[in-house]
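J.: A single structure is presented below for examination.
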Amino acid sequence: MKKLGYNRSIDEKWQAKWKDTDLYHFDINSDKEKIYLLEMFSYPSASKLHMGHWWNYSLPDTWGRMKRMQGYNVFHPMGFDAFGLPAENYAIKTGIHPKDSTNENIATMEKQLASIGCTYDWSHEIKTCDPSYYKWTQWLFIQLYKHGLAYKKEALVNWCPKCNTVLANEQAAGGICERCKSIVEQRKMSQWFFKITDYAEELLRDHDKLDWPERTKAIQKNWIGRSTGTEVSFNVVDSDEKITVFTTRVDTLMGLSYVVLAPESELALKLTTPEQKDAVEAYIKEAMKKNEIERSSTSAEYEKTGVFTGSYAVHPLTGKTVQVWISDYVIASYGTGAVMAVPAHDERDFEFATKFGLPISRVITAGEGDETLPYCEKGVLINSGKYDGMSFAEAKKAMTEDLAAMGMGCEKVTYRLRDWSVSRQRYRGCPIPVIYCDDCGVVTVPEEQLPVELPYDVEFMPTGESPLKSCESYVNTVCPCCGRKAKRETDTLDTFVCSSWYQLRYPENTRDDVPFGEDTVNKFMPVDKYVGGIEHAAMHLIYCRFIYKALRDMGYVKGDEPYPSLIHQGVIFGPDGARMSKSRGNTVAPDEYVSKYGSDVFRTYLAFGFDYSAGGAWKDSGIEAISSFFRRFTGIVESFTERSDDGAKLVSDADTERVMHKTIKAVTNDVDAFHFNTAIARLMEFSNAISKYQSGNNRNSAFERTLVENFIKLIGIFAPHYGEELWETIGNEYSLFNQSWPVFDESKIALDEFEVAVQICGKIKDRMMVSASSTEDEIKQAALALDKIKDAVGDKPVKKVIVIKNRLVNIVV
């Protein structure tokens with residue numbers, strides 16, 4: 001008999017067999033109950049698989065394998081989020097066309113992902129850069145446009161004057177271009193938007209339907225930012241214009257010191273007097289060099305700046321006039337783009353008023369104690385005329401009613417969430433299916449003419465406009481309505497649009513007549529388990545919820561949520577406990593360990609060494625311990641195979657059988673909850689119990705086969721290649737993953753007797769065995785009857801006896 005042992009060749013053997021036998025082929029017509037398992041797909045990088053790929057993909061695969069063995073029809077697809085700026089930047093740097101580099105990277109990653117040993121059915125693969133996919137992304141855009149959920153308007157963008165290009169906020173951190181280190185400006189450009197704000201309330205309300213981490217729901221709630229407050233209008237002296245603000249603290253209105261506008265507000269120049277024109281224009285130009293992160297910061301690092309417009313606003317309740325200022329701490333896209341400034345009760349207003357010598361009037365008091373300003377808590381009104389003595393709630397109600405009666409205000413609900421800007425001035429993205437005609441205006445491309453394909457022959461050097469603008473064969477077209485000459489939209493879609501609906505395409509990824517079949521999508525949606533990083537909480541995970549709800553309202557899908565159950569993976573840090581980084585020299589290359597130990601040892605260490613939702617620091621000693629564990633359970637299987645079948649009737653060993661059933665229960669529950677580390681710990685205990693049984697004199701072949709087979713099934717979901725090898729070694733038919741998952745028997749887990757500690761005033765004095773069926777009174781009497789307890793109690797009166805069943809008895813004297 002060949003010597004058993006795990007090595008890299010076993011991975012290759014079983015990966016080849018799985019592929020040859022199409023083991024993981026997904027039967028879309030199966031009558032079994034479905035499980036749709038999906039991890040967030042990755043960008044096709046040119047580099048090798050990093051730690052994150054193994055961590056993200058191998059352990060959800062473990063969960064999926066268990067579900068498959070439990071009898072579910074598990075759908076576990078994989079694809080590539082293949083559009084985006086990296087390929088375009090790579091083309092600028094190397095001259096290699098982004099389509100070519102992306103396709104090469106995808107081919108490489110397909111092979112590398114196969115090395116993990118996951119249950120992907122590659123026939124359901126999607127690539128967002130493939131015209132057969134983005135045809136339907138364009139279709140989605142058109143449906144949103146038809147239903148009033150896509151529109152175009154001017155909006156501010158981060159602009160690098162040296163690179164002549166638009167930058168994402170992440171590329172403009174600190175107001176500096178990451179490419180050339182120039183100061184980033186903000187410019188207005190015409191942009192397409194999706195009207196996600198129409199769904200703000202439902203996006204918030206439906207959090208109650210989601211089995212998501214509470215932290216993730218909190219991030220989304222904060223991002224959506226629902227506020228109930230009052231809209232207040234201010235007349236402007238010698239002007240027909242009105243300034244409208246939204247405030248959640250209308251109770252502070254009587255402490256108004258000035259009104260402040262955002263630099264990009266349309267009112268900023270309208271309300272500027274001729275005397276202030278030069279100063280205001282210069283200020284606005286400087287303000288546009290800052291990004292929103294800097295402007296909205298409350299940090300002392302960012303000093304408040306501003307300029308007086310020369311105009312005055314009228315207090316709606318008192319008739320007094322206050323100055324109208326412009327400051328970059330107000331942002332046009334937040335609220336109304338104007339703020340009523342009450343310095344005594346707001347930190348930013350206080351800092352601004354102190355710097356520019358503006359009035360500061362306290363109108364809220366705590367009633368006693370510290371009177372330091374700014375006082376930003378709620379309290380009782382003072383210095384507020386007829387509102388004096390009112391609480392926050394009373395004043396809010398009274399002032400809002402008074403403003404409403406005057407036509408100068410009303411109660412209002414607002415959201416921090418802004419409509420989703422989807423225009424990108426780049427080449428490597430899904431073309432926006434829009435045509436501009438001088439006669440017909442904005443026209444969407446007819447659906448039968450989709451996809452609008454990206455041209456190959458394009459100049460990539462950044463000019464400040466989309467590279468598609470310079471491609472005349474692409475831009476110039478005819479209007480589908482009137483047949484006259486027209487121009488195509490040259491912006492492309494945000495890549496988050498591509499991933500906002502991808503889960504719907506996987507089941508029938510090759511259909512050309514529809515993006516997804518109605519019957520199929522309603523059969524397989526929603527996704528049962530979605531796995532990905534928390535960094536997507538306020539973007540992808542909001543966008544996909546919005547798109548799904550919009551498609552539901554159009555009648556294309558059923559249900560309210562695409563991903564009702566979500567798991568976040570933690571982060572594996574370098575051996576030094578810091579985030580892995582080439583500059584720190586603390587990166588861990590999976591290839592090195594996989595070559596040395598094999599895929600299954602690596603997968604199992606990831607399962608055992610870390611809490612999946614928390615992560616942790618990498619330890620070489622940990623993977624060596626798992627390698628040792630593999631050698632130990634290899635010995636168990638060898639011991640079983642070397643011993644001839646005694647042909648005897650199955651006779652169980654009660655203690656070992658109890659451990660087996662406890663292990664099956666624990667592993668099943670732990671894997672179901674993604675607690676992989678504790679599941680491996682239980683398997684280690686089970687392997688020790690089997691070894692102990694094998695070292696005894698009463699081995700029974702039939703019982704031992706039950707132990708070994710169940711162990712292989714349990715460890716096999718973590719170590720699928722070696723699990724197959726061991727299953728074959730003990731003479732069983734291929735494949736391990738076509739077998740049924742072990743089922744525990746609760747009656748075999750319960751003990752007939754338990755040892756309990758007997759304490760006096762919290763100190764253990766004796767131990768005793770009690771029957772599992774004993775009542776609490778019987779346990780108390782048995783404890784008090786113990787000789788050691790009687791001696792220790794003596795003549796002291798017993799005040800009470802506390803019984804914690806199956807664990808301890810505590811006698812209080």
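Within each chain, counting starts at residue 1; across the structure tokens, chains are named A, B, ... in the order shown, with ligands numbered 1 upward in that order.
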If DSSP is run on the backbone, what residues of stretch 49-281 of chain A are helix (DSSP H, G or I)? A reply as a PyMOL selection string would be ideal.
T.: chain A and resi 51-69+85-94+98-114+122-124+131-146+169-175+196-209+214-224+250-255+266-270+274-281
J.: Write out as a list in words which residues come within 10 Å of A:Val594 when counting only C-alpha atoms, dropping same-chain ones fewer than 4 positions away.
T.: Asn7, Arg8, Ser115, Ile116, Ala589, Pro590, Gly598, Ser599, Asp600, Val601, Phe602 and Arg603 of chain A
J.: Can you tell me, as a list in words, what residues are no more than 6 Å from stretch 247-258 of chain A when counting only C-alpha atoms, ignoring any on the same chain fewer than 2 positions away?
T.: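 Returned residues: Gly229, Thr230, Val322, Gln323, Val324, Ala341, Val342, Pro359, Ser361, Val363, Ser384, Ala395 and Lys396 of chain A.
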J.: Provide the atom CA of A:Phe350 to atom CA of A:Leu381 distance in Å, to one decimal place.
T.: 18.5 Å
J.: Which one of A:Glu281, A:Glu725, A:Asp576, A:Asp328 sits closest to A:Glu294 if you count only C-alpha atoms?
T.: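 Among A:Glu281, A:Glu725, A:Asp576, A:Asp328, it is A:Asp328 that comes nearest to A:Glu294.
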J.: Could you check which of A:Gly635, A:Gly95, A:Asp519, A:Glu303 is closest to A:Asn688, using only C-alpha atoms?
T.: A:Gly635
J.: Determine, counting only C-alpha atoms, which protein, DNA and RNA residues have an atom within 9 Å of an atom of A:Leu683; residues of the same chain fewer than 5 positions away are not included. Present the result as a VMD selection string.
T.: chain A and resid 663 to 664 667 678 688 711 714 to 715
J.: Could you write out the selected residues, including C-alpha atoms, as a short mmCIF file (atom, residue, chain, number, x, y, z; two decimals), in the first residue's frame?
T.:
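Saved as out_5.cif:
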```cif
data_model
loop_
_atom_site.label_atom_id
_atom_site.label_comp_id
_atom_site.auth_asym_id
_atom_site.auth_seq_id
_atom_site.Cartn_x
_atom_site.Cartn_y
_atom_site.Cartn_z
CA THR A 663 -18.04 17.31 16.88
CA ILE A 664 -20.58 16.93 14.08
CA VAL A 667 -18.68 21.87 13.26
CA THR A 678 -13.59 26.92 16.46
CA ASN A 688 -7.41 12.95 19.37
CA PHE A 711 -13.86 12.84 10.11
CA LEU A 714 -15.84 17.18 8.20
CA ILE A 715 -12.23 18.05 7.39
#
```
J.: Using only C-alpha atoms, which of the listed residues (A:Arg767, A:Lys195, A:Lys127, A:His76) sits closest to A:Phe26?
T.: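 Looking at the shortest contact to A:Phe26, the residue is A:His76.
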J.: Return the single residue from A:Arg424, A:Arg348, A:Arg643, A:Lys99 that is closest to A:Leu454, with distances computed using only C-alpha atoms.
T.: A:Lys99
J.: Tell me, in Å to one decimal, how far atom CA of A:Glu231 is from atom CA of A:Gly409.
T.: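 Between atom CA of A:Glu231 and atom CA of A:Gly409 the gap is 5.2 Å.
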J.: Pick out the residues sitting within 12 Å of A:Pro446, and hand them over as a list in words; count only C-alpha atoms, and ignore anything fewer than 3 positions along from it in its own chain.
T.: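 Result of the neighbour search: Lys135, Gln138, Trp139, Phe141, Ile142, Gln143, Lys146, Pro433, Val434, Ile435, Val443, Gln449, Leu450, Pro451, Val452, Val478, Cys479, Pro480 and Cys481 of chain A.
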J.: Set the distance at 12 Å and use only C-alpha atoms: which residues neighbour A:Arg552 once local chain neighbours fewer than 4 positions away are removed? I'd like the list as a VMD selection string.
T.: chain A and resid 143 to 144 518 521 to 522 525 545 to 548 556 to 562
J.: Taking 3 positions as the minimum chain separation for residues in the same chain, which residues sit within 10 Å of A:Asp494 when counting only C-alpha atoms? Answer as a ChimeraX atom specification.
T.: /A:83-84,420-426,428-432,491,497-499
J.: Store the residues of this selection in a file with N, CA and C atoms, as an mmCIF file, in the first residue's frame.
T.:
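Contents of part-v6.cif, freshly written:
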```
data_model
loop_
_atom_site.group_PDB
_atom_site.id
_atom_site.type_symbol
_atom_site.label_atom_id
_atom_site.label_comp_id
_atom_site.auth_asym_id
_atom_site.auth_seq_id
_atom_site.Cartn_x
_atom_site.Cartn_y
_atom_site.Cartn_z
ATOM 1 N N PHE A 83 -13.818 46.575 -15.652
ATOM 2 C CA PHE A 83 -13.630 47.940 -16.122
ATOM 3 C C PHE A 83 -12.943 48.750 -15.035
ATOM 4 N N GLY A 84 -12.421 49.926 -15.401
ATOM 5 C CA GLY A 84 -11.857 50.795 -14.376
ATOM 6 C C GLY A 84 -10.596 51.503 -14.818
ATOM 7 N N TRP A 420 -26.496 59.776 -7.112
ATOM 8 C CA TRP A 420 -25.289 59.044 -7.495
ATOM 9 C C TRP A 420 -24.763 59.565 -8.835
ATOM 10 N N SER A 421 -23.597 60.196 -8.792
ATOM 11 C CA SER A 421 -22.944 60.665 -10.009
ATOM 12 C C SER A 421 -22.288 59.480 -10.714
ATOM 13 N N VAL A 422 -22.744 59.187 -11.938
ATOM 14 C CA VAL A 422 -22.266 57.977 -12.626
ATOM 15 C C VAL A 422 -21.407 58.282 -13.846
ATOM 16 N N SER A 423 -21.197 59.558 -14.173
ATOM 17 C CA SER A 423 -20.375 59.916 -15.341
ATOM 18 C C SER A 423 -18.894 59.825 -14.997
ATOM 19 N N ARG A 424 -18.133 59.243 -15.908
ATOM 20 C CA ARG A 424 -16.681 59.194 -15.746
ATOM 21 C C ARG A 424 -16.026 59.597 -17.060
ATOM 22 N N GLN A 425 -15.069 60.530 -16.968
ATOM 23 C CA GLN A 425 -14.397 61.003 -18.175
ATOM 24 C C GLN A 425 -13.176 60.119 -18.454
ATOM 25 N N ARG A 426 -13.474 58.848 -18.700
ATOM 26 C CA ARG A 426 -12.396 57.890 -18.957
ATOM 27 C C ARG A 426 -12.847 56.919 -20.040
ATOM 28 N N ARG A 428 -11.989 53.408 -20.132
ATOM 29 C CA ARG A 428 -12.213 52.016 -19.745
ATOM 30 C C ARG A 428 -13.442 51.892 -18.855
ATOM 31 N N GLY A 429 -14.604 51.993 -19.463
ATOM 32 C CA GLY A 429 -15.869 51.879 -18.745
ATOM 33 C C GLY A 429 -16.980 51.560 -19.719
ATOM 34 N N CYS A 430 -18.149 51.328 -19.190
ATOM 35 C CA CYS A 430 -19.313 51.023 -20.025
ATOM 36 C C CYS A 430 -19.803 52.304 -20.701
ATOM 37 N N PRO A 431 -19.850 52.325 -22.040
ATOM 38 C CA PRO A 431 -20.346 53.530 -22.728
ATOM 39 C C PRO A 431 -21.783 53.864 -22.321
ATOM 40 N N ILE A 432 -22.046 55.144 -22.130
ATOM 41 C CA ILE A 432 -23.401 55.583 -21.797
ATOM 42 C C ILE A 432 -24.215 55.623 -23.098
ATOM 43 N N ASP A 491 -18.816 60.250 -22.154
ATOM 44 C CA ASP A 491 -18.501 59.771 -20.806
ATOM 45 C C ASP A 491 -18.864 58.290 -20.712
ATOM 46 N N VAL A 497 -21.765 50.900 -11.327
ATOM 47 C CA VAL A 497 -23.002 50.565 -12.038
ATOM 48 C C VAL A 497 -22.928 49.125 -12.538
ATOM 49 N N CYS A 498 -21.754 48.732 -13.034
ATOM 50 C CA CYS A 498 -21.576 47.361 -13.554
ATOM 51 C C CYS A 498 -21.807 46.314 -12.467
ATOM 52 N N SER A 499 -21.378 46.616 -11.256
ATOM 53 C CA SER A 499 -21.496 45.640 -10.166
ATOM 54 C C SER A 499 -22.789 45.787 -9.378
#
```
J.: As JSON, numbers by chain, which residues of stretch 197-341 of chain A does DSSP assign to strand (DSSP E)?
T.: {"A": [226, 227, 228, 229, 230, 231, 232, 233, 234, 235, 236, 242, 243, 244, 245, 246, 247, 258, 259, 260, 261, 307, 308, 309, 310, 311, 312, 313, 314, 321, 322, 323, 324, 325, 326, 338, 339, 340, 341]}
J.: Restricted to N, CA and C atoms, what would the selected residues look like written as a short mmCIF file (atom, residue, chain, number, x, y, z; two decimals), in the first residue's frame?
T.:
```
data_model
loop_
_atom_site.label_atom_id
_atom_site.label_comp_id
_atom_site.auth_asym_id
_atom_site.auth_seq_id
_atom_site.Cartn_x
_atom_site.Cartn_y
_atom_site.Cartn_z
N ARG A 226 -30.70 60.65 7.58
CA ARG A 226 -32.04 61.25 7.67
C ARG A 226 -32.10 62.27 8.80
N SER A 227 -32.61 63.45 8.48
CA SER A 227 -32.77 64.50 9.50
C SER A 227 -34.16 65.10 9.40
N THR A 228 -34.79 65.27 10.55
CA THR A 228 -36.08 65.96 10.61
C THR A 228 -35.84 67.32 11.22
N GLY A 229 -36.24 68.35 10.51
CA GLY A 229 -35.99 69.70 11.02
C GLY A 229 -36.94 70.71 10.41
N THR A 230 -36.43 71.92 10.26
CA THR A 230 -37.24 73.02 9.76
C THR A 230 -36.53 73.73 8.61
N GLU A 231 -37.27 74.00 7.56
CA GLU A 231 -36.75 74.81 6.47
C GLU A 231 -37.14 76.25 6.75
N VAL A 232 -36.14 77.14 6.75
CA VAL A 232 -36.37 78.54 7.09
C VAL A 232 -35.96 79.41 5.90
N SER A 233 -36.79 80.37 5.56
CA SER A 233 -36.47 81.29 4.46
C SER A 233 -36.13 82.68 5.01
N PHE A 234 -35.16 83.32 4.34
CA PHE A 234 -34.74 84.67 4.71
C PHE A 234 -34.88 85.58 3.50
N ASN A 235 -35.60 86.67 3.65
CA ASN A 235 -35.60 87.69 2.61
C ASN A 235 -34.25 88.40 2.61
N VAL A 236 -33.90 88.98 1.46
CA VAL A 236 -32.64 89.71 1.33
C VAL A 236 -32.96 91.17 1.06
N LYS A 242 -34.44 84.95 -2.21
CA LYS A 242 -34.60 84.44 -0.85
C LYS A 242 -33.51 83.42 -0.58
N ILE A 243 -33.05 83.39 0.65
CA ILE A 243 -32.08 82.37 1.07
C ILE A 243 -32.85 81.35 1.91
N THR A 244 -32.76 80.11 1.53
CA THR A 244 -33.45 79.03 2.26
C THR A 244 -32.42 78.14 2.93
N VAL A 245 -32.63 77.86 4.20
CA VAL A 245 -31.73 76.98 4.95
C VAL A 245 -32.55 75.84 5.56
N PHE A 246 -31.85 74.75 5.85
CA PHE A 246 -32.47 73.65 6.61
C PHE A 246 -31.71 73.52 7.92
N THR A 247 -32.47 73.42 9.02
CA THR A 247 -31.82 73.29 10.32
C THR A 247 -32.57 72.29 11.20
N TYR A 258 -25.41 85.62 11.49
CA TYR A 258 -25.18 85.89 10.08
C TYR A 258 -25.70 84.70 9.28
N VAL A 259 -25.84 84.86 7.99
CA VAL A 259 -26.20 83.76 7.09
C VAL A 259 -25.01 83.53 6.18
N VAL A 260 -24.67 82.26 5.93
CA VAL A 260 -23.48 81.96 5.13
C VAL A 260 -23.84 81.05 3.97
N LEU A 261 -23.29 81.36 2.79
CA LEU A 261 -23.54 80.62 1.55
C LEU A 261 -22.31 79.81 1.16
N VAL A 307 -15.76 85.48 3.19
CA VAL A 307 -15.78 86.82 2.64
C VAL A 307 -17.22 87.35 2.74
N PHE A 308 -17.37 88.63 3.06
CA PHE A 308 -18.68 89.28 3.16
C PHE A 308 -19.17 89.64 1.76
N THR A 309 -20.44 89.35 1.48
CA THR A 309 -20.99 89.63 0.15
C THR A 309 -21.39 91.09 -0.01
N GLY A 310 -21.59 91.78 1.10
CA GLY A 310 -22.11 93.14 1.04
C GLY A 310 -23.61 93.19 1.22
N SER A 311 -24.28 92.00 1.17
CA SER A 311 -25.73 91.94 1.32
C SER A 311 -26.14 91.60 2.75
N TYR A 312 -27.46 91.83 3.02
CA TYR A 312 -28.00 91.56 4.34
C TYR A 312 -29.29 90.74 4.21
N ALA A 313 -29.43 89.77 5.11
CA ALA A 313 -30.65 88.96 5.18
C ALA A 313 -31.52 89.46 6.33
N VAL A 314 -32.83 89.20 6.22
CA VAL A 314 -33.79 89.67 7.22
C VAL A 314 -34.24 88.49 8.09
N THR A 321 -31.71 92.74 10.57
CA THR A 321 -30.87 92.34 9.44
C THR A 321 -29.55 91.76 9.93
N VAL A 322 -29.05 90.78 9.20
CA VAL A 322 -27.76 90.15 9.51
C VAL A 322 -26.95 90.06 8.21
N GLN A 323 -25.66 90.04 8.34
CA GLN A 323 -24.79 89.99 7.16
C GLN A 323 -24.88 88.62 6.46
N VAL A 324 -24.69 88.65 5.14
CA VAL A 324 -24.62 87.42 4.34
C VAL A 324 -23.17 87.22 3.94
N TRP A 325 -22.58 86.10 4.36
CA TRP A 325 -21.18 85.78 4.08
C TRP A 325 -21.10 84.58 3.13
N ILE A 326 -19.91 84.38 2.60
CA ILE A 326 -19.59 83.18 1.83
C ILE A 326 -18.43 82.49 2.54
N ALA A 338 -26.81 76.68 2.09
CA ALA A 338 -26.79 77.88 2.92
C ALA A 338 -27.02 77.47 4.37
N VAL A 339 -26.45 78.25 5.29
CA VAL A 339 -26.54 77.92 6.71
C VAL A 339 -26.93 79.17 7.49
N MET A 340 -27.86 79.00 8.46
CA MET A 340 -28.12 80.08 9.43
C MET A 340 -27.10 79.88 10.57
N ALA A 341 -26.27 80.88 10.76
CA ALA A 341 -25.16 80.73 11.70
C ALA A 341 -25.54 81.23 13.09
#
```
J.: Point out the residue among A:Ile196, A:Ile224, A:Leu786, A:Leu650 with the least atom-to-atom distance to A:Thr414, counting only C-alpha atoms.
T.: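 Comparing A:Ile196, A:Ile224, A:Leu786, A:Leu650 against A:Thr414, the winner is A:Ile224.
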J.: Could you make a table, as CSV, of the residues of stretch 543-632 of chain A that have an atom within 9 Å of an atom of stretch 42-61 of chain A, each with its nearest atom pair and distance in Å to one decimal, counting only C-alpha atoms, in chain and number order?
T.:
```
residue,atom,partner,partner_atom,distance
A:Gln569,CA,A:Asn56,CA,6.7
A:Gly570,CA,A:Trp55,CA,8.9
A:Val571,CA,A:Gly52,CA,7.9
A:Ile572,CA,A:Met51,CA,7.7
A:Thr587,CA,A:Met51,CA,8.7
A:Val588,CA,A:Met51,CA,7.0
A:Ala589,CA,A:His50,CA,6.4
A:Pro590,CA,A:Met51,CA,6.0
A:Asp591,CA,A:Leu49,CA,7.9
A:Phe602,CA,A:Trp54,CA,8.7
A:Arg603,CA,A:Ser58,CA,6.4
A:Thr604,CA,A:Leu59,CA,8.8
A:Leu606,CA,A:Trp55,CA,6.7
A:Ala607,CA,A:Leu59,CA,6.7
A:Tyr612,CA,A:Leu59,CA,8.2
```
J.: Taking into account only C-alpha atoms, which residue in the set A:Lys19, A:Tyr415, A:Glu39, A:Tyr151 is nearest to A:Leu204?
T.: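 So, comparing all the options, the nearest one is A:Tyr415.
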